[in-house]
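Chemist: Here's a structure for you.
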Amino acid sequence: MSSVLGFVIDSERMLPDFLAHSGEIMRMRIMKMSTVEGRTMKITVNGQNLERVKQFCYPRSLVTEDCRSCHEVRRRIALGKEAFNQKSDLMRGSLSLHLKKRMVQAFVWSVALYGSETWTLQKEDIQRLEAFEIWIWTRMMKLPWTEHKTNEEILQMVETEREIMDTVRSRQTRWLGHILRHDSFLRITLEGQIQGKKAYGRPRTML
């Protein structure tokens, strides 16, 4: 069974010396996380050029070089739909509505929202998550698209409200409180200041 290790290096000059003492080089990959596009990085250790990747899974979340969460959100939505389809016979069956909703929380939300504590969501990501939530309830109630039910009508049929974003925000709040109560590298990252100048252009729309 293979394992994945991740290291954070704050300077490109430190990376070759670090990798030279880190064991087997042939299996190593590098990824530079930056919001500035077009910047290249080439690392050579003991005469060997290390392969640069644009994304990798660590440990079960997708990390990309542009530091965005949109790729992981799309991936998690796809995994959530797959988890629902695997249990669709039960979730679309003759069980009580309360039990089917509990099964969605246990089998679907647990997969779709894995690692959501660290997501940096944009407006488009929130819209995708809310659309995914309605998709789940529509399939669970076996509603054909020809009925043209509104989102509010579907939520009334399921006897619930929109809750997926409330769940994400609650998880993020608890995770942030946990980080700020301890002295750790994550706390330094959250409270620290970024050196250098602000990038040009309009900032991302964060919610």
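Chain lettering (A, B, ...) mirrors the order of the structure tokens, residue numbering begins at 1 for each chain separately, and ligand numbering begins at 1 in order of display.
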Leaving out Trp135 of chain A and any residue of its chain fewer than 6 positions from it, which residues lie within 12 Å of it when counting only C-alpha atoms, given as a ChimeraX atom specification?

Modeler: /A:77-78,80-81,84-85,104,108,128-129,141-145,149-151,154-155

Chemist: Next, dump the selected residues to file, keeping only C-alpha atoms, as a PDB file, in the first residue's frame.

Modeler:
```
ATOM      1  CA  ILE A  77     -19.996  16.666  -5.897  1.00  0.00           C
ATOM      2  CA  ALA A  78     -19.281  13.899  -8.400  1.00  0.00           C
ATOM      3  CA  GLY A  80     -21.454  12.481  -3.669  1.00  0.00           C
ATOM      4  CA  LYS A  81     -23.638  11.656  -6.676  1.00  0.00           C
ATOM      5  CA  PHE A  84     -26.128   8.336  -3.797  1.00  0.00           C
ATOM      6  CA  ASN A  85     -26.441   6.124  -6.875  1.00  0.00           C
ATOM      7  CA  VAL A 104     -28.461  10.934   2.825  1.00  0.00           C
ATOM      8  CA  VAL A 108     -23.877  11.290   0.783  1.00  0.00           C
ATOM      9  CA  ARG A 128     -22.881  24.228  -7.476  1.00  0.00           C
ATOM     10  CA  LEU A 129     -23.257  22.899  -3.936  1.00  0.00           C
ATOM     11  CA  MET A 141     -38.360  11.832  -4.216  1.00  0.00           C
ATOM     12  CA  LYS A 142     -38.310  10.366  -7.765  1.00  0.00           C
ATOM     13  CA  LEU A 143     -39.545  13.597  -9.300  1.00  0.00           C
ATOM     14  CA  PRO A 144     -39.414  13.700 -13.118  1.00  0.00           C
ATOM     15  CA  TRP A 145     -38.069  16.873 -14.683  1.00  0.00           C
ATOM     16  CA  LYS A 149     -41.055  21.726  -9.547  1.00  0.00           C
ATOM     17  CA  THR A 150     -39.387  24.777  -8.037  1.00  0.00           C
ATOM     18  CA  ASN A 151     -36.626  24.422  -5.478  1.00  0.00           C
ATOM     19  CA  ILE A 154     -39.019  20.323  -3.547  1.00  0.00           C
ATOM     20  CA  LEU A 155     -37.772  21.435  -0.133  1.00  0.00           C
TER      21      LEU A 155
END
```

Chemist: For Glu82 of chain A, which of A:Cys57, A:Glu159, A:Thr118, A:Phe107 is the closest residue, counting only C-alpha atoms?

Modeler: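 Comparing A:Cys57, A:Glu159, A:Thr118, A:Phe107 against Glu82 of chain A, the winner is A:Phe107.
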
Chemist: What does the distance from atom CA of Ala112 of chain A to atom CA of Leu99 of chain A come to in Å, to one decimal?

Modeler: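 So the answer is 19.1 Å.
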
Chemist: From the list A:Arg162, A:Ser110, A:Met103, A:Ser69, which residue is nearest Ala131 of chain A when using only C-alpha atoms?

Modeler: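 When distances to Ala131 of chain A are compared using only C-alpha atoms, the smallest one comes from A:Arg162.
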